[in-house]
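**Q** This is the content of protein20.cif (mmCIF, C-alpha atoms and all ligand atoms):
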data_entry
#
loop_
_atom_site.group_PDB
_atom_site.id
_atom_site.type_symbol
_atom_site.label_atom_id
_atom_site.label_comp_id
_atom_site.auth_asym_id
_atom_site.auth_seq_id
_atom_site.Cartn_x
_atom_site.Cartn_y
_atom_site.Cartn_z
ATOM 1 C CA MET A 1 49.154 12.897 1.338
ATOM 2 C CA ARG A 2 48.919 12.397 5.026
ATOM 3 C CA ARG A 3 47.148 15.724 5.545
ATOM 4 C CA VAL A 4 44.635 14.859 2.831
ATOM 5 C CA SER A 5 43.769 11.547 4.407
ATOM 6 C CA VAL A 6 43.331 13.143 7.830
ATOM 7 C CA LEU A 7 41.065 15.747 6.261
ATOM 8 C CA GLY A 8 39.140 12.976 4.506
ATOM 9 C CA LEU A 9 38.714 11.130 7.752
ATOM 10 C CA CYS A 10 37.413 14.300 9.408
ATOM 11 C CA CYS A 11 34.848 14.716 6.620
ATOM 12 C CA VAL A 12 33.667 11.152 7.017
ATOM 13 C CA LEU A 13 33.341 11.579 10.780
ATOM 14 C CA LEU A 14 31.487 14.870 10.324
ATOM 15 C CA LEU A 15 29.067 13.339 7.825
ATOM 16 C CA ALA A 16 28.401 10.457 10.168
ATOM 17 C CA THR A 17 27.208 12.895 12.851
ATOM 18 C CA ILE A 18 24.771 14.750 10.597
ATOM 19 C CA PRO A 19 21.294 13.260 10.992
ATOM 20 C CA ALA A 20 19.629 12.008 7.809
ATOM 21 C CA LEU A 21 16.967 14.376 6.552
ATOM 22 C CA ALA A 22 13.746 13.238 4.986
ATOM 23 C CA GLY A 23 14.499 15.446 1.998
ATOM 24 C CA ASP A 24 17.671 13.465 1.321
ATOM 25 C CA TYR A 25 15.518 10.521 0.316
ATOM 26 C CA TYR A 26 12.008 11.688 -0.512
ATOM 27 C CA ALA A 27 10.836 14.534 -2.721
ATOM 28 C CA LEU A 28 7.112 14.400 -1.988
ATOM 29 C CA THR A 29 4.863 16.735 -3.957
ATOM 30 C CA PRO A 30 1.199 16.786 -2.985
ATOM 31 C CA GLN A 31 -1.080 16.331 -5.978
ATOM 32 C CA ARG A 32 -4.465 18.032 -5.472
ATOM 33 C CA ILE A 33 -7.127 15.648 -6.766
ATOM 34 C CA ALA A 34 -10.303 17.245 -5.325
ATOM 35 C CA PRO A 35 -11.173 20.137 -2.978
ATOM 36 C CA ASP A 36 -9.022 19.841 0.196
ATOM 37 C CA THR A 37 -7.736 16.452 -0.975
ATOM 38 C CA TYR A 38 -4.143 15.565 -1.849
ATOM 39 C CA VAL A 39 -2.216 12.472 -2.858
ATOM 40 C CA PHE A 40 1.487 11.637 -2.849
ATOM 41 C CA GLU A 41 1.640 9.348 -5.841
ATOM 42 C CA GLY A 42 4.334 6.693 -5.617
ATOM 43 C CA ALA A 43 6.527 5.178 -8.306
ATOM 44 C CA LEU A 44 5.002 2.323 -10.269
ATOM 45 C CA GLU A 45 7.916 -0.058 -9.829
ATOM 46 C CA ALA A 46 8.728 -2.316 -6.859
ATOM 47 C CA PHE A 47 10.632 -0.896 -3.874
ATOM 48 C CA ASP A 48 14.334 -0.537 -4.391
ATOM 49 C CA PHE A 49 17.389 1.427 -3.284
ATOM 50 C CA ASP A 50 16.589 4.215 -5.759
ATOM 51 C CA ASN A 51 12.959 4.956 -4.894
ATOM 52 C CA HIS A 52 13.513 4.276 -1.147
ATOM 53 C CA GLY A 53 10.201 2.463 -0.987
ATOM 54 C CA ALA A 54 8.159 5.445 -2.226
ATOM 55 C CA ALA A 55 6.168 3.150 -4.511
ATOM 56 C CA VAL A 56 2.861 3.555 -2.711
ATOM 57 C CA ASN A 57 0.114 6.178 -2.695
ATOM 58 C CA THR A 58 -0.548 8.069 0.514
ATOM 59 C CA GLY A 59 -2.808 11.073 0.980
ATOM 60 C CA PHE A 60 -4.436 13.632 3.199
ATOM 61 C CA ILE A 61 -7.623 15.670 3.558
ATOM 62 C CA VAL A 62 -7.545 19.209 4.952
ATOM 63 C CA THR A 63 -10.648 19.957 7.021
ATOM 64 C CA ALA A 64 -11.820 22.666 9.429
ATOM 65 C CA ASP A 65 -11.199 20.145 12.233
ATOM 66 C CA GLY A 66 -7.630 19.406 11.144
ATOM 67 C CA VAL A 67 -5.823 17.171 8.675
ATOM 68 C CA VAL A 68 -6.703 13.518 8.174
ATOM 69 C CA VAL A 69 -3.846 11.371 6.814
ATOM 70 C CA ILE A 70 -4.358 8.113 4.946
ATOM 71 C CA ASP A 71 -1.352 5.765 5.187
ATOM 72 C CA THR A 72 2.124 6.862 6.227
ATOM 73 C CA GLY A 73 4.413 5.211 3.670
ATOM 74 C CA PRO A 74 7.411 2.906 4.029
ATOM 75 C CA SER A 75 9.673 4.628 6.586
ATOM 76 C CA ARG A 76 10.037 7.194 9.362
ATOM 77 C CA LEU A 77 11.795 9.562 6.932
ATOM 78 C CA TYR A 78 8.950 9.206 4.404
ATOM 79 C CA GLY A 79 6.452 10.052 7.165
ATOM 80 C CA GLN A 80 8.529 13.114 8.081
ATOM 81 C CA ALA A 81 8.595 14.189 4.428
ATOM 82 C CA MET A 82 4.795 13.862 4.371
ATOM 83 C CA ARG A 83 4.418 16.111 7.401
ATOM 84 C CA ALA A 84 6.746 18.715 5.906
ATOM 85 C CA ALA A 85 4.776 18.675 2.633
ATOM 86 C CA ILE A 86 1.432 18.879 4.475
ATOM 87 C CA ALA A 87 2.739 21.906 6.401
ATOM 88 C CA GLN A 88 3.407 23.613 3.061
ATOM 89 C CA VAL A 89 -0.297 23.267 2.197
ATOM 90 C CA THR A 90 -1.990 24.112 5.504
ATOM 91 C CA ASP A 91 -1.373 25.386 9.034
ATOM 92 C CA GLN A 92 -3.950 22.907 10.345
ATOM 93 C CA PRO A 93 -2.536 20.198 12.616
ATOM 94 C CA VAL A 94 -2.741 16.528 11.693
ATOM 95 C CA VAL A 95 -5.536 15.156 13.898
ATOM 96 C CA ARG A 96 -5.856 11.535 12.789
ATOM 97 C CA VAL A 97 -4.077 8.915 10.731
ATOM 98 C CA TYR A 98 -5.887 5.974 9.144
ATOM 99 C CA ILE A 99 -3.867 2.934 8.090
ATOM 100 C CA THR A 100 -5.546 1.009 5.272
ATOM 101 C CA HIS A 101 -3.801 -2.325 5.938
ATOM 102 C CA ALA A 102 -0.776 -3.984 7.507
ATOM 103 C CA HIS A 103 1.686 -3.993 4.633
ATOM 104 C CA ALA A 104 5.087 -2.447 5.302
ATOM 105 C CA ASP A 105 4.946 0.235 2.618
ATOM 106 C CA HIS A 106 1.678 1.611 4.017
ATOM 107 C CA PHE A 107 2.326 1.941 7.762
ATOM 108 C CA LEU A 108 6.056 2.175 8.510
ATOM 109 C CA GLY A 109 5.932 5.982 8.392
ATOM 110 C CA ASN A 110 3.914 5.851 11.641
ATOM 111 C CA ASN A 111 7.048 6.877 13.590
ATOM 112 C CA ALA A 112 6.578 10.396 12.224
ATOM 113 C CA PHE A 113 2.979 10.544 13.531
ATOM 114 C CA ALA A 114 3.570 9.279 17.070
ATOM 115 C CA ASP A 115 1.858 12.426 18.474
ATOM 116 C CA VAL A 116 -1.368 11.729 16.539
ATOM 117 C CA PRO A 117 -4.046 9.024 17.066
ATOM 118 C CA ILE A 118 -3.423 6.260 14.511
ATOM 119 C CA ALA A 119 -6.536 4.245 13.639
ATOM 120 C CA ALA A 120 -6.917 0.938 11.794
ATOM 121 C CA LEU A 121 -9.057 -2.172 11.670
ATOM 122 C CA GLU A 122 -8.464 -4.716 14.429
ATOM 123 C CA ALA A 123 -6.853 -7.256 12.079
ATOM 124 C CA THR A 124 -4.436 -4.595 10.843
ATOM 125 C CA ALA A 125 -3.375 -3.507 14.337
ATOM 126 C CA ALA A 126 -2.949 -7.162 15.380
ATOM 127 C CA THR A 127 -0.754 -7.967 12.359
ATOM 128 C CA ILE A 128 1.443 -4.907 12.924
ATOM 129 C CA ASP A 129 1.757 -5.880 16.581
ATOM 130 C CA THR A 130 2.903 -9.422 15.846
ATOM 131 C CA ALA A 131 4.731 -9.089 12.516
ATOM 132 C CA GLY A 132 5.499 -5.381 12.102
ATOM 133 C CA GLU A 133 9.127 -5.493 13.207
ATOM 134 C CA GLN A 134 9.842 -8.437 10.937
ATOM 135 C CA MET A 135 8.282 -6.512 8.027
ATOM 136 C CA ALA A 136 10.471 -3.508 8.864
ATOM 137 C CA ARG A 137 13.608 -5.669 8.795
ATOM 138 C CA HIS A 138 12.562 -7.181 5.486
ATOM 139 C CA LEU A 139 12.024 -3.717 3.966
ATOM 140 C CA TYR A 140 15.388 -2.604 5.384
ATOM 141 C CA ASP A 141 17.002 -5.314 3.259
ATOM 142 C CA ARG A 142 15.306 -3.938 0.154
ATOM 143 C CA ILE A 143 15.665 -0.162 0.507
ATOM 144 C CA GLY A 144 18.551 0.277 2.929
ATOM 145 C CA ALA A 145 19.514 3.535 4.631
ATOM 146 C CA ALA A 146 16.205 5.317 3.976
ATOM 147 C CA MET A 147 14.789 3.016 6.666
ATOM 148 C CA ARG A 148 17.021 4.317 9.463
ATOM 149 C CA GLY A 149 15.141 5.047 12.670
ATOM 150 C CA THR A 150 12.067 3.161 11.456
ATOM 151 C CA SER A 151 10.185 0.832 13.784
ATOM 152 C CA ALA A 152 6.707 -0.670 13.678
ATOM 153 C CA VAL A 153 4.333 1.651 15.564
ATOM 154 C CA VAL A 154 1.098 -0.219 16.292
ATOM 155 C CA PRO A 155 -2.106 1.786 15.670
ATOM 156 C CA ASP A 156 -3.542 2.919 19.008
ATOM 157 C CA GLU A 157 -7.167 3.182 17.904
ATOM 158 C CA ILE A 158 -9.402 0.459 16.490
ATOM 159 C CA VAL A 159 -12.026 1.734 14.044
ATOM 160 C CA ASP A 160 -15.423 1.426 15.718
ATOM 161 C CA LEU A 161 -17.660 -0.294 13.183
ATOM 162 C CA GLY A 162 -21.415 -0.615 12.945
ATOM 163 C CA SER A 163 -23.095 -3.956 12.259
ATOM 164 C CA ASP A 164 -22.798 -3.249 8.517
ATOM 165 C CA GLY A 165 -18.991 -3.170 8.756
ATOM 166 C CA GLN A 166 -18.933 0.581 8.239
ATOM 167 C CA ALA A 167 -18.549 3.726 10.294
ATOM 168 C CA ARG A 168 -19.110 7.409 9.604
ATOM 169 C CA VAL A 169 -16.947 10.154 11.055
ATOM 170 C CA ASP A 170 -17.205 13.897 10.409
ATOM 171 C CA TYR A 171 -14.157 16.139 10.134
ATOM 172 C CA GLY A 172 -15.402 19.676 9.516
ATOM 173 C CA ASP A 173 -17.703 19.381 6.528
ATOM 174 C CA HIS A 174 -16.003 16.211 5.266
ATOM 175 C CA GLY A 175 -18.095 13.190 6.207
ATOM 176 C CA LEU A 176 -15.888 10.117 5.921
ATOM 177 C CA ARG A 177 -17.372 6.667 5.468
ATOM 178 C CA LEU A 178 -14.999 3.982 6.762
ATOM 179 C CA ILE A 179 -15.602 0.699 4.968
ATOM 180 C CA ALA A 180 -14.124 -2.461 6.491
ATOM 181 C CA THR A 181 -13.280 -5.188 4.002
ATOM 182 C CA ALA A 182 -10.727 -7.972 3.582
ATOM 183 C CA GLY A 183 -9.198 -9.923 0.735
ATOM 184 C CA HIS A 184 -5.998 -8.138 -0.212
ATOM 185 C CA SER A 185 -5.074 -8.546 3.459
ATOM 186 C CA PRO A 186 -6.986 -9.699 6.555
ATOM 187 C CA GLY A 187 -8.056 -6.091 7.247
ATOM 188 C CA ASP A 188 -8.586 -3.683 4.349
ATOM 189 C CA LEU A 189 -9.966 -0.277 5.275
ATOM 190 C CA MET A 190 -11.388 1.890 2.504
ATOM 191 C CA ILE A 191 -12.270 5.529 3.161
ATOM 192 C CA LEU A 192 -14.891 7.368 1.136
ATOM 193 C CA ASP A 193 -15.108 11.140 1.511
ATOM 194 C CA GLU A 194 -18.820 11.736 0.935
ATOM 195 C CA ARG A 195 -18.202 15.435 0.322
ATOM 196 C CA THR A 196 -15.800 14.994 -2.605
ATOM 197 C CA GLY A 197 -16.552 11.444 -3.753
ATOM 198 C CA VAL A 198 -12.900 10.456 -3.321
ATOM 199 C CA LEU A 199 -12.403 6.808 -2.363
ATOM 200 C CA PHE A 200 -9.070 5.947 -0.755
ATOM 201 C CA ALA A 201 -9.210 2.268 -1.665
ATOM 202 C CA GLY A 202 -5.875 1.082 -0.262
ATOM 203 C CA ASP A 203 -4.654 -2.065 -1.989
ATOM 204 C CA VAL A 204 -8.153 -3.307 -2.766
ATOM 205 C CA VAL A 205 -7.528 -1.386 -6.002
ATOM 206 C CA PHE A 206 -4.366 -1.313 -8.134
ATOM 207 C CA ASN A 207 -3.968 0.699 -11.327
ATOM 208 C CA GLU A 208 -1.518 -0.160 -14.126
ATOM 209 C CA ARG A 209 0.496 -2.187 -11.631
ATOM 210 C CA ALA A 210 0.124 -5.917 -11.042
ATOM 211 C CA PRO A 211 -1.849 -6.604 -7.851
ATOM 212 C CA ALA A 212 0.285 -7.997 -5.010
ATOM 213 C CA THR A 213 -1.384 -11.133 -3.674
ATOM 214 C CA PRO A 214 0.863 -12.684 -0.972
ATOM 215 C CA HIS A 215 -1.744 -12.380 1.802
ATOM 216 C CA GLY A 216 -4.640 -12.454 -0.623
ATOM 217 C CA ASP A 217 -7.921 -14.265 -0.387
ATOM 218 C CA ILE A 218 -9.082 -13.783 -3.952
ATOM 219 C CA ALA A 219 -12.785 -14.466 -3.375
ATOM 220 C CA GLY A 220 -12.825 -11.992 -0.481
ATOM 221 C CA TRP A 221 -10.893 -9.478 -2.552
ATOM 222 C CA LEU A 222 -13.415 -9.663 -5.400
ATOM 223 C CA HIS A 223 -16.162 -9.027 -2.854
ATOM 224 C CA SER A 224 -14.250 -5.957 -1.613
ATOM 225 C CA LEU A 225 -14.070 -4.669 -5.181
ATOM 226 C CA ASP A 226 -17.860 -4.980 -5.364
ATOM 227 C CA GLU A 227 -18.105 -2.943 -2.175
ATOM 228 C CA ALA A 228 -15.795 -0.305 -3.622
ATOM 229 C CA ALA A 229 -17.955 -0.135 -6.765
ATOM 230 C CA ALA A 230 -21.130 0.145 -4.667
ATOM 231 C CA SER A 231 -19.731 2.982 -2.531
ATOM 232 C CA GLY A 232 -20.746 5.632 -5.055
ATOM 233 C CA PHE A 233 -17.234 7.086 -5.422
ATOM 234 C CA ARG A 234 -16.315 9.511 -8.214
ATOM 235 C CA ILE A 235 -12.517 9.477 -7.871
ATOM 236 C CA VAL A 236 -10.486 6.478 -6.758
ATOM 237 C CA VAL A 237 -7.052 6.569 -5.133
ATOM 238 C CA PRO A 238 -5.588 3.084 -5.623
ATOM 239 C CA GLY A 239 -2.924 1.759 -3.264
ATOM 240 C CA HIS A 240 -0.514 1.758 -6.196
ATOM 241 C CA GLY A 241 -0.752 3.475 -9.569
ATOM 242 C CA PRO A 242 -2.360 6.642 -10.875
ATOM 243 C CA VAL A 243 -5.473 8.220 -9.381
ATOM 244 C CA ALA A 244 -8.494 7.583 -11.624
ATOM 245 C CA TYR A 245 -11.672 9.520 -12.306
ATOM 246 C CA ASP A 246 -13.651 6.437 -13.339
ATOM 247 C CA ASP A 247 -13.992 2.802 -12.286
ATOM 248 C CA ALA A 248 -11.474 1.403 -14.802
ATOM 249 C CA PRO A 249 -8.905 0.384 -12.126
ATOM 250 C CA LEU A 250 -11.579 -1.652 -10.298
ATOM 251 C CA GLY A 251 -12.354 -3.516 -13.517
ATOM 252 C CA GLN A 252 -8.660 -4.040 -14.235
ATOM 253 C CA THR A 253 -7.919 -5.357 -10.715
ATOM 254 C CA GLY A 254 -10.934 -7.691 -10.777
ATOM 255 C CA ASP A 255 -10.168 -8.985 -14.278
ATOM 256 C CA TYR A 256 -6.573 -9.709 -13.295
ATOM 257 C CA LEU A 257 -7.535 -11.582 -10.120
ATOM 258 C CA ARG A 258 -10.159 -13.676 -11.953
ATOM 259 C CA TRP A 259 -7.681 -14.440 -14.742
ATOM 260 C CA LEU A 260 -5.025 -15.424 -12.186
ATOM 261 C CA MET A 261 -7.279 -17.861 -10.355
ATOM 262 C CA HIS A 262 -8.597 -19.327 -13.586
ATOM 263 C CA ARG A 263 -5.050 -19.950 -14.822
ATOM 264 C CA PHE A 264 -4.058 -21.519 -11.491
ATOM 265 C CA GLU A 265 -7.138 -23.782 -11.465
ATOM 266 C CA GLN A 266 -6.490 -24.971 -15.015
ATOM 267 C CA ALA A 267 -2.820 -25.610 -14.220
ATOM 268 C CA ALA A 268 -3.761 -27.602 -11.106
ATOM 269 C CA GLU A 269 -6.214 -29.697 -13.140
ATOM 270 C CA ARG A 270 -3.429 -30.479 -15.620
ATOM 271 C CA GLY A 271 -1.042 -31.264 -12.767
ATOM 272 C CA ASP A 272 1.453 -28.538 -13.715
ATOM 273 C CA SER A 273 4.162 -27.759 -11.172
ATOM 274 C CA ALA A 274 4.621 -24.299 -9.671
ATOM 275 C CA ALA A 275 7.918 -24.005 -11.576
ATOM 276 C CA GLU A 276 6.187 -24.651 -14.914
ATOM 277 C CA LEU A 277 3.407 -22.189 -14.147
ATOM 278 C CA MET A 278 5.833 -19.528 -12.984
ATOM 279 C CA PHE A 279 7.592 -19.276 -16.324
ATOM 280 C CA GLU A 280 4.534 -19.492 -18.533
ATOM 281 C CA PRO A 281 4.300 -16.269 -20.574
ATOM 282 C CA LEU A 282 1.681 -13.704 -19.643
ATOM 283 C CA PRO A 283 -1.039 -12.435 -21.985
ATOM 284 C CA ALA A 284 -0.117 -8.994 -23.373
ATOM 285 C CA ARG A 285 -2.707 -7.178 -21.213
ATOM 286 C CA TRP A 286 -1.158 -8.495 -18.013
ATOM 287 C CA ALA A 287 2.464 -8.431 -19.173
ATOM 288 C CA ALA A 288 2.072 -4.668 -19.731
ATOM 289 C CA LEU A 289 1.398 -3.935 -16.054
ATOM 290 C CA ALA A 290 4.223 -2.611 -13.892
ATOM 291 C CA VAL A 291 6.200 -5.091 -11.731
ATOM 292 C CA GLN A 292 5.574 -7.960 -14.133
ATOM 293 C CA PRO A 293 6.403 -10.779 -14.381
ATOM 294 C CA ALA A 294 7.833 -10.543 -10.844
ATOM 295 C CA GLU A 295 4.453 -9.998 -9.185
ATOM 296 C CA TYR A 296 2.834 -12.826 -11.142
ATOM 297 C CA ARG A 297 5.639 -15.186 -10.084
ATOM 298 C CA ARG A 298 5.232 -14.115 -6.455
ATOM 299 C CA SER A 299 1.524 -14.957 -6.758
ATOM 300 C CA VAL A 300 2.382 -18.433 -8.067
ATOM 301 C CA GLY A 301 4.765 -18.956 -5.155
ATOM 302 C CA TYR A 302 2.282 -17.853 -2.500
ATOM 303 C CA LEU A 303 -1.078 -19.045 -3.827
ATOM 304 C CA TYR A 304 -0.506 -22.002 -6.122
ATOM 305 C CA PRO A 305 0.833 -24.698 -3.739
ATOM 306 C CA ALA A 306 -2.340 -24.681 -1.600
ATOM 307 C CA LEU A 307 -4.581 -24.779 -4.665
ATOM 308 C CA GLU A 308 -2.490 -27.599 -6.139
ATOM 309 C CA ARG A 309 -2.779 -29.650 -2.935
ATOM 310 C CA ALA A 310 -6.537 -29.046 -2.720
ATOM 311 C CA THR A 311 -7.011 -30.136 -6.340
ATOM 312 C CA LEU A 312 -4.918 -33.269 -5.869
ATOM 313 C CA SER A 313 -6.689 -34.301 -2.679
ATOM 314 C CA SER A 314 -10.136 -33.829 -4.251
ATOM 315 C CA ARG A 315 -9.381 -36.406 -6.955
ATOM 316 C CA PRO A 316 -11.109 -39.755 -6.450
ATOM 317 C CA ASP A 317 -7.939 -41.789 -7.161
HETATM 318 ZN ZN ZN A 401 0.687 -1.834 -1.097
#
Please render this file's structure as C-alpha cells.

**A**
Amino acid sequence: MRRVSVLGLCCVLLLATIPALAGDYYALTPQRIAPDTYVFEGALEAFDFDNHGAAVNTGFIVTADGVVVIDTGPSRLYGQAMRAAIAQVTDQPVVRVYITHAHADHFLGNNAFADVPIAALEATAATIDTAGEQMARHLYDRIGAAMRGTSAVVPDEIVDLGSDGQARVDYGDHGLRLIATAGHSPGDLMILDERTGVLFAGDVVFNERAPATPHGDIAGWLHSLDEAAASGFRIVVPGHGPVAYDDAPLGQTGDYLRWLMHRFEQAAERGDSAAELMFEPLPARWAALAVQPAEYRRSVGYLYPALERATLSSRPD
C-alpha cells in the first residue's frame, strides 16, 4: 500500500510540472466561409467549465501580406490554439489582430499574440486598460483552469478613423473597411472585407443566441445594426451563433432588442418590479434562443432599474 501511495504522489507531482497545453482545452477547427476567410465557431451556450469559454466566434483572413486575426477568444490557451490552427492552414505570419470590443470572451486570448500589433477602438483599449484584469478574474471563476496564464493585454494600436467613423486598410488584395460603432459596448468595431463581402460584426449581431446587453445602449445598438445592414455585406459572422449568408441575424437581433425595450417600458408604466419582470415568461420566439431565460434576466437586472427610475421621476405626481 505504501509503495502505491508513494507512486501516486510521484504521478501527481509529475503532472503538476507538465505545462497545460492549449489542445487539452480547445479543439479549434477553422471553418472556411469564403476565399481566404475562416471562422472558429463557438458553442451556443454560456461559458462554463465544459466549453472553457469557447462560446464566441473568432476568425482570420489569410492575405498576401500576412494573416489578419479578428478577436482572440477567452484565454491565453484559446489564443494559442488559434495560432496552432492558423499554422495548419497557412505559413503566413499573423501580422495584425483586431479586437471588436472589450468583453472578456473576445480579447483575453491576446496573451498568445503579444508579438503582433493588436488594434482596437479607443473606447475598447481604455476599458481593457481599466477593467480588463477584473474581467479576467470574473471569467476565471466561471471557466477555471483553462484560464491559467491569462492576463488582460491592452491593445497597443488605436484604429485611425476618418471623419465618417470608418477606415480602410489593405492587406494584399483584401481591402478591409473598419467601421466604428457603439451600442453593444462603448466601442464596437465591425470589419467588412470588401473582397469577399464578409462582415465580422462582433457582438453587434447575434444569431440564435439571446443578445447580451449588460453594457448595452439599445438605441445606439439599433443604429449600429443599421450601419451593418448598409455596409453591403454578403456573409455575416456574428459575435455568437452560426455564420449566415443573409441578413436574418440582423433582423433577429434588432427585433429582440426592440421587443425587450418595449416590454421594459410597458412594465415601468405599470410599475412592475424588476423581480416581477424577471420571471415573466418569454414569447416562444425569444424563449427558443440559446442562453434563455438567463440572458433575458440579466438584461432585466442591468437595464430595467434605470428605466424604472426614469419613468417614475417623469410622472407629474
Ligand atoms: Zn460576446

**Q** Choose the residue, out of A:Phe40, A:Tyr78, A:Tyr302, A:Phe107, that has the smallest atom-to-atom separation from ligand ZN 401 (chain A); count all atoms listed in the file.

**A**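 Of A:Phe40, A:Tyr78, A:Tyr302, A:Phe107, the one nearest ligand ZN 401 (chain A), counting all atoms listed in the file, is A:Phe107.
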
**Q** Per residue of chain A within 10 Å of ligand ZN 401 (chain A), note the shortest atom pair and the distance in Å to one decimal, counting only C-alpha atoms and all ligand atoms, and order the rows by chain and increasing residue number, as a Markdown table.

**A**
| residue | atom | partner | partner_atom | distance |
| --- | --- | --- | --- | --- |
| A:Ala46 | CA | A:ZN401 | ZN | 9.9 |
| A:Ala55 | CA | A:ZN401 | ZN | 8.2 |
| A:Val56 | CA | A:ZN401 | ZN | 6.0 |
| A:Asn57 | CA | A:ZN401 | ZN | 8.2 |
| A:Gly73 | CA | A:ZN401 | ZN | 9.3 |
| A:Pro74 | CA | A:ZN401 | ZN | 9.7 |
| A:Thr100 | CA | A:ZN401 | ZN | 9.4 |
| A:His101 | CA | A:ZN401 | ZN | 8.4 |
| A:Ala102 | CA | A:ZN401 | ZN | 9.0 |
| A:His103 | CA | A:ZN401 | ZN | 6.2 |
| A:Ala104 | CA | A:ZN401 | ZN | 7.8 |
| A:Asp105 | CA | A:ZN401 | ZN | 6.0 |
| A:His106 | CA | A:ZN401 | ZN | 6.2 |
| A:Phe107 | CA | A:ZN401 | ZN | 9.8 |
| A:His184 | CA | A:ZN401 | ZN | 9.2 |
| A:Ser185 | CA | A:ZN401 | ZN | 9.9 |
| A:Gly202 | CA | A:ZN401 | ZN | 7.2 |
| A:Asp203 | CA | A:ZN401 | ZN | 5.4 |
| A:Val204 | CA | A:ZN401 | ZN | 9.1 |
| A:Val205 | CA | A:ZN401 | ZN | 9.6 |
| A:Phe206 | CA | A:ZN401 | ZN | 8.7 |
| A:Pro211 | CA | A:ZN401 | ZN | 8.6 |
| A:Ala212 | CA | A:ZN401 | ZN | 7.3 |
| A:Thr213 | CA | A:ZN401 | ZN | 9.9 |
| A:Pro238 | CA | A:ZN401 | ZN | 9.2 |
| A:Gly239 | CA | A:ZN401 | ZN | 5.5 |
| A:His240 | CA | A:ZN401 | ZN | 6.4 |

**Q** Take the residues just selected and output them with C-alpha atoms as an mmCIF file, keeping the file's coordinate frame.

**A**
data_model
loop_
_atom_site.group_PDB
_atom_site.id
_atom_site.type_symbol
_atom_site.label_atom_id
_atom_site.label_comp_id
_atom_site.auth_asym_id
_atom_site.auth_seq_id
_atom_site.Cartn_x
_atom_site.Cartn_y
_atom_site.Cartn_z
ATOM 1 C CA ALA A 46 8.728 -2.316 -6.859
ATOM 2 C CA ALA A 55 6.168 3.150 -4.511
ATOM 3 C CA VAL A 56 2.861 3.555 -2.711
ATOM 4 C CA ASN A 57 0.114 6.178 -2.695
ATOM 5 C CA GLY A 73 4.413 5.211 3.670
ATOM 6 C CA PRO A 74 7.411 2.906 4.029
ATOM 7 C CA THR A 100 -5.546 1.009 5.272
ATOM 8 C CA HIS A 101 -3.801 -2.325 5.938
ATOM 9 C CA ALA A 102 -0.776 -3.984 7.507
ATOM 10 C CA HIS A 103 1.686 -3.993 4.633
ATOM 11 C CA ALA A 104 5.087 -2.447 5.302
ATOM 12 C CA ASP A 105 4.946 0.235 2.618
ATOM 13 C CA HIS A 106 1.678 1.611 4.017
ATOM 14 C CA PHE A 107 2.326 1.941 7.762
ATOM 15 C CA HIS A 184 -5.998 -8.138 -0.212
ATOM 16 C CA SER A 185 -5.074 -8.546 3.459
ATOM 17 C CA GLY A 202 -5.875 1.082 -0.262
ATOM 18 C CA ASP A 203 -4.654 -2.065 -1.989
ATOM 19 C CA VAL A 204 -8.153 -3.307 -2.766
ATOM 20 C CA VAL A 205 -7.528 -1.386 -6.002
ATOM 21 C CA PHE A 206 -4.366 -1.313 -8.134
ATOM 22 C CA PRO A 211 -1.849 -6.604 -7.851
ATOM 23 C CA ALA A 212 0.285 -7.997 -5.010
ATOM 24 C CA THR A 213 -1.384 -11.133 -3.674
ATOM 25 C CA PRO A 238 -5.588 3.084 -5.623
ATOM 26 C CA GLY A 239 -2.924 1.759 -3.264
ATOM 27 C CA HIS A 240 -0.514 1.758 -6.196
#

**Q** List the residues matched by the PyMOL selection byres (((chain A and resi 274) around 9) and not hetatm) in the displayed structure as a PyMOL selection string, ordered by chain and then by residue number.

**A** chain A and resi 267+272-273+275-279+300-301+304-305+308

**Q** Output, as JSON, the centre and edge lengths in Å (one decimal) of the axis-aligned box that contains all listed atoms of range 73-90 of chain A with 8 Å of margin on each side.

**A**
{"center_x": 4.9, "center_y": 13.5, "center_z": 5.8, "size_x": 29.8, "size_y": 37.2, "size_z": 23.2}

**Q** Select, from A:Pro30, A:Gly42, A:Gly187, A:Pro117, the residue with the minimum atom-to-atom distance to Gly241 in chain A, counting all atoms listed in the file.

**A** A:Gly42

**Q** Measure the distance from CA of Gly251 in chain A to CA of Val236 in chain A in Å and round it to one decimal.

**A** 12.2 Å

**Q** Distance CA of Ala294 in chain A-CA of Gly132 in chain A, one decimal place?

**A**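 Spanning CA of Ala294 in chain A to CA of Gly132 in chain A is a straight-line distance of 23.6 Å.
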
**Q** Could you tell me how far CA of Asp247 in chain A lies from CA of Ile70 in chain A, in Å and to one decimal?

**A**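 CA of Ile70 in chain A lies 20.4 Å from CA of Asp247 in chain A.
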
**Q** Once the PyMOL selection byres (((chain A and resi 208) around 6) and not hetatm) is applied to the coordinates I shared, what remains selected? I want it as a ChimeraX atom specification.

**A** /A:207,209,241,289

**Q** I'd like to see the residues matched by the PyMOL selection byres (((chain A and resi 268) around 9) and not hetatm) on this file, and ideally I'd get them as a ChimeraX atom specification.

**A** /A:263-267,269-273,304,307-312

**Q** Would you mind completing range 272-277 of chain A to N, CA and C atoms and writing the output as a PDB file, in the frame of the given file?

**A**
ATOM      1  N   ASP A 272       0.217 -29.309 -13.508  1.00  0.00           N
ATOM      2  CA  ASP A 272       1.453 -28.538 -13.715  1.00  0.00           C
ATOM      3  C   ASP A 272       2.121 -28.225 -12.377  1.00  0.00           C
ATOM      4  N   SER A 273       3.445 -28.152 -12.394  1.00  0.00           N
ATOM      5  CA  SER A 273       4.162 -27.759 -11.172  1.00  0.00           C
ATOM      6  C   SER A 273       4.199 -26.234 -11.068  1.00  0.00           C
ATOM      7  N   ALA A 274       4.499 -25.749  -9.864  1.00  0.00           N
ATOM      8  CA  ALA A 274       4.621 -24.299  -9.671  1.00  0.00           C
ATOM      9  C   ALA A 274       5.710 -23.733 -10.578  1.00  0.00           C
ATOM     10  N   ALA A 275       6.803 -24.495 -10.748  1.00  0.00           N
ATOM     11  CA  ALA A 275       7.918 -24.005 -11.576  1.00  0.00           C
ATOM     12  C   ALA A 275       7.472 -23.828 -13.029  1.00  0.00           C
ATOM     13  N   GLU A 276       6.677 -24.772 -13.527  1.00  0.00           N
ATOM     14  CA  GLU A 276       6.187 -24.651 -14.914  1.00  0.00           C
ATOM     15  C   GLU A 276       5.290 -23.419 -15.059  1.00  0.00           C
ATOM     16  N   LEU A 277       4.395 -23.278 -14.085  1.00  0.00           N
ATOM     17  CA  LEU A 277       3.407 -22.189 -14.147  1.00  0.00           C
ATOM     18  C   LEU A 277       4.092 -20.818 -14.050  1.00  0.00           C
TER      19      LEU A 277
END
